[in-house]
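This is work_36.pdb. It holds PDB, C-alpha atoms.
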```pdb
MODEL        1
ATOM      1  CA  MET D   1       2.311  -2.603   8.093
ATOM      2  CA  SER D   2      -1.000  -3.202   6.361
ATOM      3  CA  ASP D   3      -3.375  -1.518   8.809
ATOM      4  CA  LEU D   4      -3.112   1.969   7.324
ATOM      5  CA  ASP D   5      -6.326   3.928   7.603
ATOM      6  CA  ALA D   6      -7.544   6.574   5.159
ATOM      7  CA  THR D   7      -5.784   9.393   7.048
ATOM      8  CA  ASP D   8      -2.460   7.532   7.049
ATOM      9  CA  ARG D   9      -2.798   6.947   3.311
ATOM     10  CA  ARG D  10      -3.603  10.622   2.664
ATOM     11  CA  ILE D  11      -0.514  11.689   4.633
ATOM     12  CA  LEU D  12       1.675   9.174   2.803
ATOM     13  CA  ARG D  13       0.348  10.310  -0.590
ATOM     14  CA  GLU D  14       1.386  13.879   0.237
ATOM     15  CA  LEU D  15       4.847  12.737   1.308
ATOM     16  CA  ASP D  16       5.198  10.496  -1.734
ATOM     17  CA  HIS D  17       4.526  13.562  -3.878
ATOM     18  CA  ASP D  18       7.065  15.677  -1.939
ATOM     19  CA  ALA D  19       9.070  13.885   0.751
ATOM     20  CA  ARG D  20      10.492  17.174   2.037
ATOM     21  CA  MET D  21       7.107  18.753   2.695
ATOM     22  CA  PRO D  22       7.040  20.151   6.252
ATOM     23  CA  THR D  23       4.579  18.597   8.689
ATOM     24  CA  ALA D  24       2.697  21.890   8.996
ATOM     25  CA  MET D  25       2.221  22.016   5.208
ATOM     26  CA  VAL D  26       0.952  18.412   5.111
ATOM     27  CA  ALA D  27      -1.514  19.287   7.880
ATOM     28  CA  GLN D  28      -2.692  22.417   6.077
ATOM     29  CA  ARG D  29      -3.130  20.635   2.721
ATOM     30  CA  LEU D  30      -5.133  17.822   4.340
ATOM     31  CA  GLY D  31      -7.140  19.978   6.746
ATOM     32  CA  LEU D  32      -5.703  18.188   9.788
ATOM     33  CA  ALA D  33      -4.145  19.450  13.002
ATOM     34  CA  ARG D  34      -0.349  19.641  12.929
ATOM     35  CA  GLY D  35      -0.181  17.499  16.082
ATOM     36  CA  THR D  36      -2.292  14.811  14.426
ATOM     37  CA  VAL D  37       0.002  14.659  11.411
ATOM     38  CA  GLN D  38       3.119  14.661  13.630
ATOM     39  CA  ALA D  39       1.755  11.816  15.772
ATOM     40  CA  ARG D  40       0.787   9.811  12.681
ATOM     41  CA  LEU D  41       4.231  10.340  11.140
ATOM     42  CA  GLU D  42       5.947   9.179  14.330
ATOM     43  CA  LYS D  43       3.713   6.075  14.391
ATOM     44  CA  LEU D  44       4.416   5.370  10.716
ATOM     45  CA  ALA D  45       8.167   5.834  11.166
ATOM     46  CA  GLY D  46       8.198   3.592  14.242
ATOM     47  CA  SER D  47       6.311   0.844  12.426
ATOM     48  CA  GLY D  48       8.718   0.793   9.477
ATOM     49  CA  ALA D  49       6.149   2.153   7.007
ATOM     50  CA  LEU D  50       8.482   5.002   6.006
ATOM     51  CA  ARG D  51      11.768   4.330   4.242
ATOM     52  CA  ALA D  52      14.910   6.115   5.334
ATOM     53  CA  HIS D  53      15.240   9.680   4.027
ATOM     54  CA  SER D  54      18.416   8.710   2.158
ATOM     55  CA  ALA D  55      16.353   6.422  -0.103
ATOM     56  CA  ARG D  56      15.559   9.496  -2.216
ATOM     57  CA  VAL D  57      19.211  10.417  -2.841
ATOM     58  CA  SER D  58      20.208   9.615  -6.406
ATOM     59  CA  PRO D  59      23.381   7.493  -6.579
ATOM     60  CA  ALA D  60      24.286   9.471  -9.728
ATOM     61  CA  ALA D  61      24.425  12.626  -7.591
ATOM     62  CA  LEU D  62      27.048  10.824  -5.505
ATOM     63  CA  GLY D  63      29.179   9.984  -8.522
ATOM     64  CA  ARG D  64      27.723   6.490  -9.031
ATOM     65  CA  PRO D  65      25.579   6.679 -12.224
ATOM     66  CA  VAL D  66      26.057   3.021 -13.235
ATOM     67  CA  GLY D  67      23.542   0.582 -11.733
ATOM     68  CA  ALA D  68      23.409  -3.195 -11.877
ATOM     69  CA  SER D  69      21.913  -6.266 -10.290
ATOM     70  CA  VAL D  70      24.154  -9.029  -9.039
ATOM     71  CA  GLN D  71      22.863 -12.558  -8.552
ATOM     72  CA  VAL D  72      24.824 -14.423  -5.896
ATOM     73  CA  GLU D  73      25.219 -18.147  -5.337
ATOM     74  CA  LEU D  74      26.300 -18.946  -1.770
ATOM     75  CA  ASP D  75      27.763 -21.650   0.362
ATOM     76  CA  GLN D  76      24.683 -21.900   2.604
ATOM     77  CA  HIS D  77      26.854 -22.580   5.669
ATOM     78  CA  LEU D  78      28.420 -19.119   5.364
ATOM     79  CA  ILE D  79      25.345 -17.007   4.626
ATOM     80  CA  THR D  80      25.713 -14.897   7.791
ATOM     81  CA  GLU D  81      29.350 -14.106   7.008
ATOM     82  CA  ALA D  82      28.539 -13.333   3.367
ATOM     83  CA  ILE D  83      25.741 -10.917   4.284
ATOM     84  CA  ALA D  84      27.956  -9.196   6.871
ATOM     85  CA  ALA D  85      30.727  -8.747   4.275
ATOM     86  CA  LEU D  86      28.270  -7.476   1.648
ATOM     87  CA  ALA D  87      26.894  -4.948   4.141
ATOM     88  CA  ASP D  88      30.410  -3.460   4.388
ATOM     89  CA  ILE D  89      30.514  -2.659   0.643
ATOM     90  CA  PRO D  90      29.088   0.881   0.226
ATOM     91  CA  GLU D  91      28.125   0.296  -3.401
ATOM     92  CA  VAL D  92      25.710  -2.496  -2.376
ATOM     93  CA  LEU D  93      22.468  -0.533  -1.979
ATOM     94  CA  GLU D  94      20.071  -3.421  -1.348
ATOM     95  CA  CYS D  95      20.240  -7.145  -0.785
ATOM     96  CA  PHE D  96      17.287  -9.500  -1.173
ATOM     97  CA  ALA D  97      16.867 -13.226  -0.532
ATOM     98  CA  PRO D  98      14.613 -14.283  -3.434
ATOM     99  CA  ALA D  99      12.854 -17.567  -4.041
ATOM    100  CA  GLY D 100      14.383 -19.732  -6.755
ATOM    101  CA  SER D 101      17.904 -20.685  -7.713
ATOM    102  CA  THR D 102      19.518 -17.349  -6.769
ATOM    103  CA  ASP D 103      20.567 -17.162  -3.124
ATOM    104  CA  LEU D 104      20.908 -13.375  -2.928
ATOM    105  CA  LEU D 105      20.027 -10.569  -5.317
ATOM    106  CA  LEU D 106      21.905  -7.293  -4.930
ATOM    107  CA  ARG D 107      21.325  -3.827  -6.317
ATOM    108  CA  VAL D 108      24.679  -2.125  -6.755
ATOM    109  CA  VAL D 109      26.045   1.143  -8.161
ATOM    110  CA  ALA D 110      29.409   2.180  -9.590
ATOM    111  CA  LYS D 111      31.257   5.113 -11.163
ATOM    112  CA  ASP D 112      31.694   3.464 -14.569
ATOM    113  CA  PRO D 113      32.003  -0.022 -16.105
ATOM    114  CA  ASP D 114      35.556  -0.479 -14.786
ATOM    115  CA  ASP D 115      34.395   0.460 -11.302
ATOM    116  CA  LEU D 116      31.475  -1.968 -11.656
ATOM    117  CA  TYR D 117      34.024  -4.686 -12.374
ATOM    118  CA  ARG D 118      35.872  -3.711  -9.162
ATOM    119  CA  VAL D 119      32.626  -3.796  -7.150
ATOM    120  CA  SER D 120      31.700  -7.162  -8.673
ATOM    121  CA  GLU D 121      35.105  -8.571  -7.721
ATOM    122  CA  GLU D 122      34.778  -7.227  -4.188
ATOM    123  CA  ILE D 123      31.417  -9.014  -3.942
ATOM    124  CA  ARG D 124      32.800 -12.230  -5.446
ATOM    125  CA  LEU D 125      35.632 -12.299  -2.904
ATOM    126  CA  CYS D 126      33.294 -12.119   0.106
ATOM    127  CA  PRO D 127      33.375 -15.220   2.302
ATOM    128  CA  GLY D 128      30.871 -17.884   1.274
ATOM    129  CA  ILE D 129      30.201 -16.533  -2.222
ATOM    130  CA  ASN D 130      30.711 -19.222  -4.853
ATOM    131  CA  ARG D 131      29.525 -17.471  -8.016
ATOM    132  CA  THR D 132      28.038 -14.183  -9.195
ATOM    133  CA  SER D 133      26.265 -12.975 -12.308
ATOM    134  CA  THR D 134      26.031  -9.231 -13.007
ATOM    135  CA  SER D 135      23.436  -7.492 -15.197
ATOM    136  CA  LEU D 136      23.980  -3.844 -16.069
ATOM    137  CA  PHE D 137      20.985  -1.480 -15.928
ATOM    138  CA  LEU D 138      20.906   0.507 -19.173
ATOM    139  CA  ARG D 139      18.329   3.020 -17.935
ATOM    140  CA  GLU D 140      15.518   3.378 -15.429
ATOM    141  CA  VAL D 141      12.137   3.156 -17.134
ATOM    142  CA  ILE D 142       9.875   3.062 -14.059
ATOM    143  CA  PRO D 143      11.369   4.717 -10.977
ATOM    144  CA  TYR D 144      10.706   3.472  -7.472
ATOM    145  CA  ARG D 145       7.134   4.414  -6.582
ATOM    146  CA  VAL D 146       4.338   3.559  -4.168
ATOM    147  CA  THR D 147       1.704   6.151  -5.056
ATOM    148  CA  GLY D 148      -0.503   3.590  -6.824
ATOM    149  CA  LEU D 149      -0.358   1.257  -3.814
ATOM    150  CA  LEU D 150      -1.597   4.006  -1.513
ATOM    151  CA  GLY D 151      -4.912   4.018  -3.393
ATOM    152  CA  LEU D 152      -5.444   0.246  -3.033
ATOM    153  CA  ARG D 153      -7.586  -1.281  -0.334
ATOM    154  CA  ASP D 154      -6.645  -4.604   1.238
TER     155      ASP D 154
ENDMDL
END
```
Written as structure tokens, how would this file's structure read?
Amino acid sequence: MSDLDATDRRILRELDHDARMPTAMVAQRLGLARGTVQARLEKLAGSGALRAHSARVSPAALGRPVGASVQVELDQHLITEAIAALADIPEVLECFAPAGSTDLLLRVVAKDPDDLYRVSEEIRLCPGINRTSTSLFLREVIPYRVTGLLGLRD
């Protein structure tokens, strides 16, 4: 969704600062009617502009402090089956189809290095997956953010 107006962006900036802020508080801080903010939020949620609430849950809080990316090389004839199998692995948080030589790029989490090995093997054994390459994240240096984008104009 790229047709956000100034009011949408103001609302999203408030929620990016504190995703748990009640609608009434957002309205008060922005000088808008509660109904206006509620209607805008429903429109934004329906359009896909808002990520799921669980996106703010830290995997470490769920006992999965180890993060990694996994590059996947596929048998292109089995891509649908591979994606379906990957979707059944809870430790696979995200899956992207990038341009270039990598067929799929996964963001995964694990309890520890041994558990990461288990997760990597579970991925490797999915139908259609020919090869994987795993890179361990040592630490997060820039957390997921969109605040800067909310100030940009198209």
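The two atoms in question, atom CA of Gly31 of chain D and atom CA of Gly48 of chain D, are spaced 25.0 Å apart.
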In Å and to one decimal, atom CA of Ile123 of chain D is distant from atom CA of Arg107 of chain D by 11.6 Å
Would you pick out the contacts of Leu138 of chain D at 12 Å or less, using all atoms listed in the file, so that residues sharing its chain but fewer than 5 positions from it are not included, and give the list as a PDB file with C-alpha atoms, in the coordinates of the input?
```pdb
ATOM      1  CA  PRO D  65      25.579   6.679 -12.224  1.00  0.00           C
ATOM      2  CA  VAL D  66      26.057   3.021 -13.235  1.00  0.00           C
ATOM      3  CA  GLY D  67      23.542   0.582 -11.733  1.00  0.00           C
ATOM      4  CA  ALA D  68      23.409  -3.195 -11.877  1.00  0.00           C
ATOM      5  CA  SER D  69      21.913  -6.266 -10.290  1.00  0.00           C
ATOM      6  CA  PRO D 113      32.003  -0.022 -16.105  1.00  0.00           C
TER       7      PRO D 113
END
```
Students should find that atom CA of Arg124 of chain D and atom CA of Pro90 of chain D are spaced 14.8 Å
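Distances to Thr23 of chain D were evaluated for D:Val108, D:Ala97, D:Ala85, D:Val37 using all atoms listed in the file, and the minimum falls at D:Val37.
Nearest to Glu42 of chain D of all the residues D:Leu106, D:Ile11, D:Thr134, D:Glu122 is D:Ile11, counting all atoms listed in the file.
On the file presented, the PyMOL selection byres ((chain D and resi 71) around 7) picks out Ser69, Val70, Val72, Glu73, Thr102, Leu104, Leu105, Leu106, Thr132, Ser133 and Thr134 of chain D.
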Review point. Given the file above and the PyMOL selection byres ((chain D and resi 149) around 12), which residues are selected, and can you give them as a PyMOL selection string?
Key: chain D and resi 2+4+9-10+12-13+16+144-148+150-154
The residue from D:Thr7, D:Ser135, D:Gln28, D:Ser58 with the smallest atom-to-atom distance to Leu41 of chain D, counting all atoms listed in the file, is D:Thr7
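Of the residues listed (D:Asp103, D:Asp3, D:Asp18, D:Glu121), D:Asp3 shows the shortest atom-to-atom separation from Ser47 of chain D; distances use all atoms listed in the file.
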Might you spell out which residues the PyMOL selection byres ((chain D and resi 130) around 6) would select in the displayed file, as a ChimeraX atom specification?
/D:73-74,129,131
Got a sec: who's within 10 Å of Pro59 of chain D, counting only C-alpha atoms, leaving out chain neighbours fewer than 2 positions off, as a PyMOL selection string? chain D and resi 55-57+61-67+91+93+108-111
Keeping only C-alpha atoms, write those residues as a PDB file, in the coordinates of the input.
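As written to disk, selection-v2.pdb reads:
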```pdb
ATOM      1  CA  ALA D  55      16.353   6.422  -0.103  1.00  0.00           C
ATOM      2  CA  ARG D  56      15.559   9.496  -2.216  1.00  0.00           C
ATOM      3  CA  VAL D  57      19.211  10.417  -2.841  1.00  0.00           C
ATOM      4  CA  ALA D  61      24.425  12.626  -7.591  1.00  0.00           C
ATOM      5  CA  LEU D  62      27.048  10.824  -5.505  1.00  0.00           C
ATOM      6  CA  GLY D  63      29.179   9.984  -8.522  1.00  0.00           C
ATOM      7  CA  ARG D  64      27.723   6.490  -9.031  1.00  0.00           C
ATOM      8  CA  PRO D  65      25.579   6.679 -12.224  1.00  0.00           C
ATOM      9  CA  VAL D  66      26.057   3.021 -13.235  1.00  0.00           C
ATOM     10  CA  GLY D  67      23.542   0.582 -11.733  1.00  0.00           C
ATOM     11  CA  GLU D  91      28.125   0.296  -3.401  1.00  0.00           C
ATOM     12  CA  LEU D  93      22.468  -0.533  -1.979  1.00  0.00           C
ATOM     13  CA  VAL D 108      24.679  -2.125  -6.755  1.00  0.00           C
ATOM     14  CA  VAL D 109      26.045   1.143  -8.161  1.00  0.00           C
ATOM     15  CA  ALA D 110      29.409   2.180  -9.590  1.00  0.00           C
ATOM     16  CA  LYS D 111      31.257   5.113 -11.163  1.00  0.00           C
TER      17      LYS D 111
END
```
Excluding Leu78 of chain D and its own-chain neighbours fewer than 4 positions away, which residues fall within 8 Å of it when counting all atoms listed in the file? Please give them as a PDB file with C-alpha atoms, in the coordinates of the input.
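For reference, result-v1.pdb as written:
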```
ATOM      1  CA  LEU D  74      26.300 -18.946  -1.770  1.00  0.00           C
ATOM      2  CA  ALA D  82      28.539 -13.333   3.367  1.00  0.00           C
ATOM      3  CA  PRO D 127      33.375 -15.220   2.302  1.00  0.00           C
ATOM      4  CA  GLY D 128      30.871 -17.884   1.274  1.00  0.00           C
TER       5      GLY D 128
END
```
One residue among D:Ala33, D:His53, D:Ala84, D:Pro143 is nearest to Ala19 of chain D when using only C-alpha atoms, and that residue is D:His53
